[in-house]
>>> print(open('query_35.txt').read())   # compact mmCIF, C-alpha atoms
# COMPACT_ATOMS: atom_id res chain seq x y z
CA MET P 132 37.26 -39.32 -3.10
CA LEU P 133 34.72 -37.55 -5.28
CA SER P 134 33.85 -34.00 -4.38
CA CYS P 135 30.44 -32.96 -5.69
CA CYS P 136 28.40 -29.76 -5.44
CA LEU P 137 24.80 -30.28 -6.51
CA ASN P 138 23.05 -27.37 -8.19
CA PHE P 139 19.83 -27.10 -10.20
CA THR P 140 18.96 -25.92 -13.65
CA PRO P 141 16.11 -23.38 -14.05
CA ASN P 142 13.58 -26.13 -14.70
CA GLY P 143 14.36 -27.71 -11.34
CA THR P 144 16.26 -30.76 -12.56
CA PRO P 145 19.83 -31.52 -11.56
CA PRO P 146 22.34 -30.90 -14.34
CA TYR P 147 24.84 -33.44 -15.59
CA TYR P 148 28.31 -33.00 -14.16
CA PRO P 149 31.18 -34.93 -15.81
CA ILE P 150 33.45 -36.80 -13.44
CA ILE P 151 36.83 -35.09 -13.24
CA SER P 152 39.59 -37.68 -13.08
CA SER P 153 41.67 -35.70 -10.61
CA HIS P 154 38.82 -35.97 -8.12
CA VAL P 155 38.62 -39.76 -8.29
CA SER P 156 41.07 -42.21 -6.79
CA SER P 157 42.79 -44.55 -9.26
CA TYR P 158 41.09 -47.38 -7.38
CA THR P 159 37.60 -46.00 -7.97
CA THR P 160 35.48 -48.44 -10.00
CA SER P 161 32.66 -47.67 -12.38
CA SER P 162 30.22 -49.07 -9.82
CA THR P 163 31.48 -46.55 -7.25
CA VAL P 164 30.97 -43.72 -9.70
CA ARG P 165 27.46 -44.95 -10.44
CA SER P 166 26.76 -45.16 -6.71
CA LEU P 167 27.90 -41.59 -6.20
CA ALA P 168 25.79 -40.41 -9.12
CA ASP P 169 22.77 -42.28 -7.74
CA SER P 170 23.32 -40.64 -4.35
CA ALA P 171 23.41 -37.21 -5.98
CA MET P 172 20.19 -37.91 -7.85
CA ALA P 173 18.53 -39.16 -4.68
CA ALA P 174 19.53 -35.97 -2.90
CA ALA P 175 18.03 -33.94 -5.74
CA ALA P 176 14.78 -35.87 -5.53
CA ASN P 177 14.58 -35.18 -1.79
CA SER P 178 14.91 -31.41 -2.07
CA VAL P 179 13.04 -28.52 -3.64
CA ARG P 180 14.03 -24.94 -4.36
CA VAL P 181 12.45 -21.91 -2.69
CA ALA P 182 13.01 -18.19 -3.21
CA ALA P 183 12.71 -15.39 -0.66
CA ALA P 184 12.29 -11.78 -1.75
CA GLN P 185 13.48 -8.47 -0.42
CA MET P 186 11.89 -5.19 -1.52
CA THR P 187 11.05 -1.63 -0.56
CA SER P 188 7.29 -1.19 -0.86
CA VAL P 189 5.88 2.30 -1.37
CA GLY P 190 2.48 3.98 -1.23
CA ASP P 191 1.50 2.94 -4.75
CA ILE P 192 -0.16 -0.43 -5.31
CA ALA P 193 0.65 -0.60 -9.04
CA THR P 194 4.35 0.12 -8.48
CA ASN P 195 4.59 -2.59 -5.85
CA PHE P 196 2.80 -5.10 -8.08
CA SER P 197 5.29 -4.36 -10.84
CA THR P 198 8.18 -5.02 -8.45
CA CYS P 199 6.60 -8.26 -7.22
CA SER P 200 6.00 -9.41 -10.81
CA ARG P 201 9.68 -8.92 -11.60
CA LEU P 202 10.68 -10.86 -8.49
CA VAL P 203 8.32 -13.68 -9.50
CA LYS P 204 10.02 -13.92 -12.90
CA GLU P 205 13.43 -14.11 -11.22
CA ALA P 206 12.20 -16.89 -8.90
CA VAL P 207 10.75 -18.90 -11.78
CA SER P 208 14.00 -18.52 -13.76
CA ALA P 209 15.92 -19.78 -10.72
CA GLY P 210 13.82 -22.96 -10.62
CA ALA P 211 11.96 -22.08 -7.40
CA LYS P 212 8.63 -23.78 -6.70
CA MET P 213 7.60 -21.02 -4.29
CA LEU P 214 8.40 -17.33 -3.77
CA CYS P 215 7.99 -15.73 -0.35
CA LEU P 216 7.26 -11.98 -0.38
CA PRO P 217 7.59 -9.73 2.69
CA GLU P 218 5.00 -8.13 4.94
CA ASN P 219 3.22 -5.15 3.32
CA PHE P 220 4.30 -6.35 -0.12
CA SER P 221 1.38 -4.53 -1.78
CA TYR P 222 1.40 -1.23 0.12
CA VAL P 223 3.26 0.86 2.70
CA GLY P 224 1.65 4.20 3.57
CA GLY P 225 3.08 7.35 5.06
CA MET P 226 0.92 7.22 8.20
CA SER P 227 0.07 4.20 10.35
CA GLY P 228 -3.63 4.33 9.51
CA ASP P 229 -3.23 4.82 5.75
CA SER P 230 -3.58 1.09 5.17
CA LEU P 231 -7.25 1.31 6.18
CA LEU P 232 -7.92 3.33 3.04
CA ILE P 233 -6.75 0.57 0.71
CA ALA P 234 -7.77 -2.51 2.75
CA GLU P 235 -9.76 -5.05 0.73
CA PRO P 236 -11.35 -8.48 1.23
CA LEU P 237 -9.40 -11.46 -0.11
CA ASP P 238 -11.66 -11.65 -3.17
CA GLY P 239 -10.98 -8.00 -4.00
CA PRO P 240 -9.02 -6.79 -7.05
CA ILE P 241 -5.61 -6.51 -5.35
CA MET P 242 -5.40 -10.11 -4.17
CA GLN P 243 -6.98 -11.38 -7.36
CA LYS P 244 -4.13 -9.80 -9.36
CA TYR P 245 -1.64 -11.78 -7.28
CA CYS P 246 -3.69 -14.96 -7.75
CA SER P 247 -3.49 -14.39 -11.50
CA LEU P 248 0.24 -13.73 -11.25
CA ALA P 249 0.77 -17.06 -9.46
CA ARG P 250 -1.35 -18.94 -11.99
CA GLU P 251 0.26 -17.36 -15.06
CA SER P 252 3.77 -17.90 -13.66
CA GLY P 253 3.15 -21.44 -12.39
CA ILE P 254 4.56 -20.75 -8.92
CA TRP P 255 3.30 -20.79 -5.34
CA LEU P 256 3.32 -17.44 -3.51
CA SER P 257 3.59 -16.56 0.17
CA LEU P 258 2.07 -13.08 0.61
CA GLY P 259 2.24 -11.61 4.07
CA GLY P 260 0.94 -9.57 5.44
CA PHE P 261 -1.83 -8.29 3.25
CA GLN P 262 -4.09 -5.46 4.39
CA GLU P 263 -7.33 -7.46 4.56
CA LYS P 264 -10.51 -5.56 5.37
CA GLY P 265 -11.61 -6.12 8.98
CA HIS P 266 -15.01 -6.43 10.63
CA ASP P 267 -15.50 -2.65 10.59
CA ASP P 268 -14.14 0.36 8.74
CA ALA P 269 -11.80 1.23 11.62
CA HIS P 270 -9.84 -2.03 11.54
CA LEU P 271 -8.06 -4.36 9.13
CA ARG P 272 -6.33 -7.72 9.48
CA ASN P 273 -2.63 -8.22 8.82
CA THR P 274 -3.09 -11.44 6.84
CA HIS P 275 -0.55 -13.92 5.49
CA VAL P 276 -1.91 -15.53 2.32
CA ILE P 277 -0.68 -18.69 0.58
CA ILE P 278 -1.55 -19.02 -3.12
CA ASP P 279 -0.86 -22.17 -5.15
CA ASP P 280 0.41 -22.37 -8.71
CA ALA P 281 -3.15 -22.59 -10.03
CA GLY P 282 -4.00 -19.23 -8.48
CA ASN P 283 -6.06 -20.62 -5.59
CA ILE P 284 -5.80 -19.34 -2.03
CA ARG P 285 -4.74 -22.39 -0.03
CA SER P 286 -4.47 -20.90 3.46
CA THR P 287 -4.58 -17.63 5.39
CA TYR P 288 -3.30 -16.55 8.78
CA SER P 289 -4.12 -13.28 10.53
CA LYS P 290 -1.29 -11.92 12.67
CA ILE P 291 -1.92 -12.70 16.33
CA HIS P 292 0.72 -10.56 18.06
CA LEU P 293 0.26 -6.89 17.18
CA PHE P 294 3.16 -4.44 17.26
CA ASP P 295 2.33 -2.10 20.17
CA VAL P 296 5.83 -1.00 21.06
CA ASP P 297 7.82 2.05 22.13
CA VAL P 298 11.03 1.31 20.21
CA PRO P 299 14.12 2.44 22.18
CA GLY P 300 15.53 5.45 20.40
CA GLY P 301 12.79 5.21 17.79
CA ALA P 302 9.09 5.75 17.22
CA VAL P 303 6.04 4.58 19.15
CA TYR P 304 3.91 2.02 17.29
CA LYS P 305 0.32 1.05 18.05
CA GLU P 306 -0.73 -1.53 15.46
CA SER P 307 -3.76 -2.50 17.53
CA SER P 308 -5.26 0.97 16.98
CA PHE P 309 -6.22 -0.03 13.44
CA THR P 310 -5.65 -3.81 13.29
CA GLU P 311 -7.69 -6.62 14.80
CA PRO P 312 -5.63 -9.59 16.06
CA GLY P 313 -6.01 -13.06 14.64
CA LYS P 314 -7.01 -16.01 16.77
CA ASP P 315 -6.11 -19.15 14.83
CA ILE P 316 -2.80 -20.85 14.06
CA ALA P 317 -2.37 -21.92 10.43
CA ALA P 318 -0.30 -24.64 8.74
CA VAL P 319 -0.63 -25.93 5.18
CA ASP P 320 1.03 -28.45 2.87
CA SER P 321 2.98 -27.12 -0.11
CA PRO P 322 5.64 -28.23 -2.62
CA ILE P 323 8.37 -27.01 -0.24
CA GLY P 324 7.00 -28.92 2.75
CA ARG P 325 4.42 -28.32 5.44
CA LEU P 326 4.34 -24.59 6.12
CA GLY P 327 3.80 -22.81 9.42
CA LEU P 328 2.50 -19.27 8.91
CA THR P 329 3.55 -16.27 11.00
CA VAL P 330 4.04 -12.51 10.47
CA CYS P 331 6.81 -10.20 11.71
CA TYR P 332 6.29 -9.45 15.45
CA ASP P 333 5.10 -13.04 16.00
CA LEU P 334 8.81 -13.86 15.86
CA ARG P 335 9.23 -12.75 19.48
CA PHE P 336 6.71 -15.31 20.77
CA PRO P 337 8.32 -18.77 20.64
CA GLU P 338 5.22 -20.57 21.87
CA LEU P 339 3.56 -20.00 18.50
CA TYR P 340 6.51 -21.61 16.74
CA GLN P 341 6.56 -24.52 19.18
CA LYS P 342 2.91 -25.21 18.45
CA LEU P 343 3.47 -25.00 14.70
CA ARG P 344 6.18 -27.64 14.98
CA PHE P 345 4.89 -30.00 17.64
CA GLN P 346 1.11 -29.72 17.13
CA HIS P 347 0.88 -28.85 13.43
CA ASP P 348 3.91 -30.74 12.07
CA ALA P 349 5.52 -27.75 10.34
CA GLN P 350 8.72 -28.38 8.38
CA VAL P 351 9.18 -24.83 7.10
CA ILE P 352 8.14 -21.69 8.99
CA LEU P 353 7.56 -18.46 7.09
CA VAL P 354 8.28 -15.06 8.65
CA PRO P 355 7.38 -12.21 6.27
CA ALA P 356 8.39 -9.01 8.04
CA ALA P 357 8.99 -5.27 8.05
CA PHE P 358 11.28 -4.97 11.09
CA THR P 359 12.31 -1.50 12.20
CA THR P 360 15.97 -0.59 11.75
CA VAL P 361 16.56 -0.41 15.53
CA THR P 362 14.99 -3.77 16.43
CA GLY P 363 16.30 -5.43 13.27
CA GLN P 364 19.89 -4.52 13.95
CA ALA P 365 19.62 -5.76 17.52
CA HIS P 366 17.50 -8.91 17.23
CA TRP P 367 16.46 -9.97 13.69
CA GLU P 368 19.06 -12.61 12.87
CA ILE P 369 19.40 -14.07 16.36
CA LEU P 370 15.64 -14.50 16.77
CA LEU P 371 15.30 -16.20 13.38
CA ARG P 372 18.15 -18.60 14.07
CA ALA P 373 16.73 -19.37 17.51
CA ARG P 374 13.30 -20.21 16.03
CA ALA P 375 14.93 -22.49 13.44
CA ILE P 376 17.08 -24.30 15.99
CA GLU P 377 14.41 -24.83 18.62
CA THR P 378 11.80 -26.08 16.14
CA GLN P 379 14.26 -27.93 13.84
CA CYS P 380 12.52 -26.29 10.89
CA TYR P 381 13.66 -24.25 7.94
CA VAL P 382 12.83 -20.60 8.55
CA ILE P 383 12.25 -18.32 5.57
CA ALA P 384 12.23 -14.62 6.47
CA SER P 385 11.36 -12.24 3.64
CA ALA P 386 12.02 -8.65 4.62
CA GLN P 387 11.07 -5.12 3.70
CA ALA P 388 14.23 -3.06 3.28
CA GLY P 389 15.22 0.57 3.22
CA LYS P 390 13.34 3.86 3.17
CA HIS P 391 9.69 3.63 2.13
CA ASN P 392 8.91 7.31 2.70
CA GLU P 393 9.94 10.17 4.98
CA LYS P 394 8.49 8.49 8.06
CA ARG P 395 9.03 4.78 7.48
CA GLU P 396 12.18 2.69 7.12
CA SER P 397 12.74 -1.08 7.39
CA TYR P 398 15.82 -3.07 8.39
CA GLY P 399 15.93 -5.57 5.51
CA GLU P 400 18.14 -8.70 5.54
CA THR P 401 16.06 -11.44 3.94
CA LEU P 402 17.30 -14.82 5.22
CA ILE P 403 16.75 -18.55 4.73
CA ILE P 404 17.92 -20.66 7.68
CA ASP P 405 18.11 -24.44 7.90
CA PRO P 406 17.01 -26.64 10.86
CA TRP P 407 20.55 -26.58 12.30
CA GLY P 408 20.52 -22.77 12.43
CA THR P 409 22.81 -22.30 9.43
CA MET P 410 22.07 -19.44 7.04
CA VAL P 411 21.71 -20.99 3.59
CA GLY P 412 20.26 -18.00 1.76
CA ARG P 413 20.77 -14.25 2.00
CA LEU P 414 21.12 -11.31 -0.36
CA PRO P 415 24.60 -9.74 -0.66
CA ASP P 416 23.09 -6.33 0.14
CA ARG P 417 20.82 -5.95 3.16
CA LEU P 418 18.87 -3.12 1.50
CA SER P 419 18.67 -4.19 -2.15
CA THR P 420 15.62 -5.45 -4.02
CA GLY P 421 15.98 -9.02 -5.22
CA ILE P 422 15.68 -12.68 -4.27
CA THR P 423 17.80 -15.31 -2.59
CA VAL P 424 17.27 -19.01 -3.28
CA ALA P 425 17.98 -22.19 -1.33
CA ASP P 426 17.04 -25.87 -1.54
CA ILE P 427 14.77 -27.26 1.16
CA ASP P 428 16.44 -30.57 2.00
CA PHE P 429 13.88 -32.91 3.54
CA SER P 430 16.56 -35.46 4.43
CA LEU P 431 18.33 -32.77 6.49
CA ILE P 432 15.12 -32.08 8.41
CA ASP P 433 14.74 -35.80 9.13
CA SER P 434 18.39 -36.17 10.08
CA VAL P 435 18.45 -33.26 12.53
CA ARG P 436 15.25 -34.43 14.19
CA ALA P 437 16.41 -38.05 14.40
CA LYS P 438 19.79 -37.20 15.91
CA MET P 439 18.35 -34.71 18.38
CA PRO P 440 14.84 -36.06 19.05
CA ILE P 441 13.45 -33.22 21.15
CA ALA P 442 9.88 -34.03 20.10
CA LYS P 443 10.07 -37.29 22.07
CA LEU P 444 10.76 -35.64 25.41
CA PRO P 445 7.65 -35.59 27.62
CA TYR P 446 7.88 -31.93 28.63
CA VAL P 447 7.55 -30.79 25.01
CA SER P 448 3.95 -31.96 24.81
CA LEU P 449 3.28 -30.66 28.32
CA ARG P 450 4.61 -27.25 27.35
CA CYS P 451 2.34 -27.00 24.29
CA GLN P 452 -0.65 -28.13 26.33
CA SER P 453 0.00 -25.61 29.10
CA VAL P 454 0.38 -22.77 26.59
CA ALA P 455 -2.87 -23.74 24.86
CA VAL P 456 -4.73 -23.72 28.20
CA ALA P 457 -3.10 -20.44 29.27
CA SER P 458 -4.03 -18.66 26.04
CA ASN P 459 -7.73 -19.29 26.73
CA LYS P 460 -7.71 -17.78 30.21
CA SER P 461 -9.07 -14.29 30.75
CA GLY P 462 -7.60 -11.39 32.71
CA LEU P 463 -3.96 -11.74 31.63
CA SER P 464 -2.26 -11.74 28.24
CA THR P 465 -1.29 -14.90 26.40
CA GLY P 466 2.35 -13.85 26.63
CA PHE P 467 2.16 -13.64 30.43
CA HIS P 468 0.57 -17.06 30.82
CA ALA P 469 2.96 -18.62 28.31
CA GLY P 470 5.95 -17.13 30.09
CA ALA P 471 4.66 -18.27 33.46
CA SER P 472 3.98 -21.80 32.27
CA ARG P 473 7.40 -21.96 30.64
CA PHE P 474 9.06 -20.73 33.85
CA GLY P 475 7.17 -23.24 35.96
CA MET P 476 8.05 -26.08 33.61
CA LEU P 477 11.74 -25.13 33.70
CA HIS P 478 11.68 -24.90 37.50
CA ASN P 479 10.17 -28.39 37.77
CA ILE P 480 12.71 -29.88 35.36
CA VAL P 481 15.66 -28.34 37.18
CA GLN P 482 14.26 -29.36 40.55
CA SER P 483 13.72 -32.97 39.43
CA ARG P 484 17.27 -33.23 38.08
CA THR P 485 18.83 -31.89 41.28
CA MET P 486 16.90 -34.06 43.69
>>> encode(input="query_35.txt", output="structure tokens")
Amino acid sequence: MLSCCLNFTPNGTPPYYPIISSHVSSYTTSSTVRSLADSAMAAAANSVRVAAAQMTSVGDIATNFSTCSRLVKEAVSAGAKMLCLPENFSYVGGMSGDSLLIAEPLDGPIMQKYCSLARESGIWLSLGGFQEKGHDDAHLRNTHVIIDDAGNIRSTYSKIHLFDVDVPGGAVYKESSFTEPGKDIAAVDSPIGRLGLTVCYDLRFPELYQKLRFQHDAQVILVPAAFTTVTGQAHWEILLRARAIETQCYVIASAQAGKHNEKRESYGETLIIDPWGTMVGRLPDRLSTGITVADIDFSLIDSVRAKMPIAKLPYVSLRCQSVAVASNKSGLSTGFHAGASRFGMLHNIVQSRTM
């Protein structure tokens, strides 16, 4: 029996591994060896490498760009086709409203520097969220931006669920006081698969992830974040694994980590999780600056979905439809309607199975 571990060289091609005789039965023929080698090559052709970054952004745009540039070089050297950077990659201020002072449109100098970085490095970038200038001087958008390897902006998503929370044992946050919520869901094709875009606090709203999978055909869902230390320690990993399992998607969660200033600290723990809920990428240190890499295996996505075909069950489409209708109603929040529709659906399923 041949035991094989498939890795990649920096240019993205699988290296040659000599067959070790002790790993092959004396009855193994040359055709068997060729078959195993062909299988390994096929697996390589059906996967692509991605990198996820972890960093501690500060209140200086140039310093953060220098850090991101170094992380890009590391990702390129590792053979990654795309690097995912965390929320607030370009700036973290001392006060909640400081971001308004540096907010820019997407064609402004900050984003254009990152477009140039992607083009010069030949790599796709996931940048989220960026402090995009809003409709007035009192508001910005928390925008997730996808840039291709030619330096073009391929897609954007403005964070829908804003972080208005009284963290137990922590601070009170009111993101909506200076941020306008997004309205549209975004998915886009890329070298690492069809991407579903989210940002940080969106993670707590599974309906968004369900729609990305079942209505927008996402294969990989991106979750750039700056979780607080309290909420991160309690919920970060379990929420990410839950989103991966229930959508049967890869989930890539790039995280801010450590102390940004005297008033702001982030949990860290950048993770890459496969469609079965297994962690396939993480940094050895939850607070360090660096990247983790993993191979997006498209055959694994297909296999998990074929063996557990949840998309074929009728109540999946009904759930997405009911959430879409609920989100357009006035008077109550989307979260309330979504929760109510989900509860009603579950009640009907249980009732039908017990009758």
>>> residues_around(input="query_35.txt", residues="range 435-437 of chain P", least_positions_apart="4", cutoff="12 Å", atoms="only C-alpha atoms", output="ChimeraX atom specification")
/P:344-345,350,375-381,405-408,428-431,441-443
>>> atom_distance(input="query_35.txt", atom1="CA of Ala281 in chain P", atom2="CA of Asp315 in chain P")
25.3 Å
>>> closest_residue(input="query_35.txt", among="P:Ser252, P:Ser308, P:Thr359, P:Asn195", to="Gly210 in chain P", atoms="all atoms listed in the file")
P:Ser252
>>> closest_residue(input="query_35.txt", among="P:Ala302, P:Ile352, P:Val296, P:Ala384", to="Cys331 in chain P", atoms="all atoms listed in the file")
P:Ala384
>>> atom_distance(input="query_35.txt", atom1="CA of Arg372 in chain P", atom2="CA of Ala386 in chain P")
15.0 Å
>>> atom_distance(input="query_35.txt", atom1="CA of Ser397 in chain P", atom2="CA of Phe358 in chain P")
5.6 Å
>>> residues_around(input="query_35.txt", residues="Ala234 in chain P", least_positions_apart="5", cutoff="7 Å", atoms="all atoms listed in the file", output="list in words")
Gln262, Glu263, Lys264 and Leu271 of chain P
>>> residues_around(input="query_35.txt", residues="Glu396 in chain P", least_positions_apart="6", cutoff="12 Å", atoms="only C-alpha atoms", output="PyMOL selection string")
chain P and resi 186-189+223-225+301-302+357-363+386-390+418
>>> closest_residue(input="query_35.txt", among="P:Ala209, P:Ala176, P:Leu258, P:Ile383", to="Ser286 in chain P", atoms="all atoms listed in the file")
P:Leu258
>>> closest_residue(input="query_35.txt", among="P:Tyr340, P:Ile277, P:Ser208, P:His266", to="Pro312 in chain P", atoms="all atoms listed in the file")
P:His266
>>> residues_around(input="query_35.txt", residues="range 318-321 of chain P", least_positions_apart="4", cutoff="12 Å", atoms="all atoms listed in the file", output="NGL selection string")
:P and (179 or 181 or 212-214 or 254-257 or 275-280 or 284-288 or 325-329 or 339-340 or 342-353 or 427)
>>> write_last_selection(input="query_35.txt", atoms="C-alpha atoms", output="CSV table (one decimal), keeping the file's coordinate frame")
chain,number,residue,atom,x,y,z
P,179,VAL,CA,13.0,-28.5,-3.6
P,181,VAL,CA,12.4,-21.9,-2.7
P,212,LYS,CA,8.6,-23.8,-6.7
P,213,MET,CA,7.6,-21.0,-4.3
P,214,LEU,CA,8.4,-17.3,-3.8
P,254,ILE,CA,4.6,-20.8,-8.9
P,255,TRP,CA,3.3,-20.8,-5.3
P,256,LEU,CA,3.3,-17.4,-3.5
P,257,SER,CA,3.6,-16.6,0.2
P,275,HIS,CA,-0.6,-13.9,5.5
P,276,VAL,CA,-1.9,-15.5,2.3
P,277,ILE,CA,-0.7,-18.7,0.6
P,278,ILE,CA,-1.6,-19.0,-3.1
P,279,ASP,CA,-0.9,-22.2,-5.2
P,280,ASP,CA,0.4,-22.4,-8.7
P,284,ILE,CA,-5.8,-19.3,-2.0
P,285,ARG,CA,-4.7,-22.4,0.0
P,286,SER,CA,-4.5,-20.9,3.5
P,287,THR,CA,-4.6,-17.6,5.4
P,288,TYR,CA,-3.3,-16.6,8.8
P,325,ARG,CA,4.4,-28.3,5.4
P,326,LEU,CA,4.3,-24.6,6.1
P,327,GLY,CA,3.8,-22.8,9.4
P,328,LEU,CA,2.5,-19.3,8.9
P,329,THR,CA,3.6,-16.3,11.0
P,339,LEU,CA,3.6,-20.0,18.5
P,340,TYR,CA,6.5,-21.6,16.7
P,342,LYS,CA,2.9,-25.2,18.4
P,343,LEU,CA,3.5,-25.0,14.7
P,344,ARG,CA,6.2,-27.6,15.0
P,345,PHE,CA,4.9,-30.0,17.6
P,346,GLN,CA,1.1,-29.7,17.1
P,347,HIS,CA,0.9,-28.8,13.4
P,348,ASP,CA,3.9,-30.7,12.1
P,349,ALA,CA,5.5,-27.8,10.3
P,350,GLN,CA,8.7,-28.4,8.4
P,351,VAL,CA,9.2,-24.8,7.1
P,352,ILE,CA,8.1,-21.7,9.0
P,353,LEU,CA,7.6,-18.5,7.1
P,427,ILE,CA,14.8,-27.3,1.2
>>> residues_around(input="query_35.txt", residues="Asp333 in chain P", least_positions_apart="6", cutoff="10 Å", atoms="only C-alpha atoms", output="list of chain:residue names")
P:Lys290, P:Ile291, P:His292, P:Leu293, P:Phe294, P:Leu339, P:Tyr340, P:Val354, P:Ala356
>>> closest_residue(input="query_35.txt", among="P:Pro322, P:Gly313, P:Pro355, P:Pro240", to="Asp426 in chain P", atoms="only C-alpha atoms")
P:Pro322
>>> closest_residue(input="query_35.txt", among="P:Ile316, P:Ile404, P:Ile241, P:Leu248", to="Val382 in chain P", atoms="only C-alpha atoms")
P:Ile404
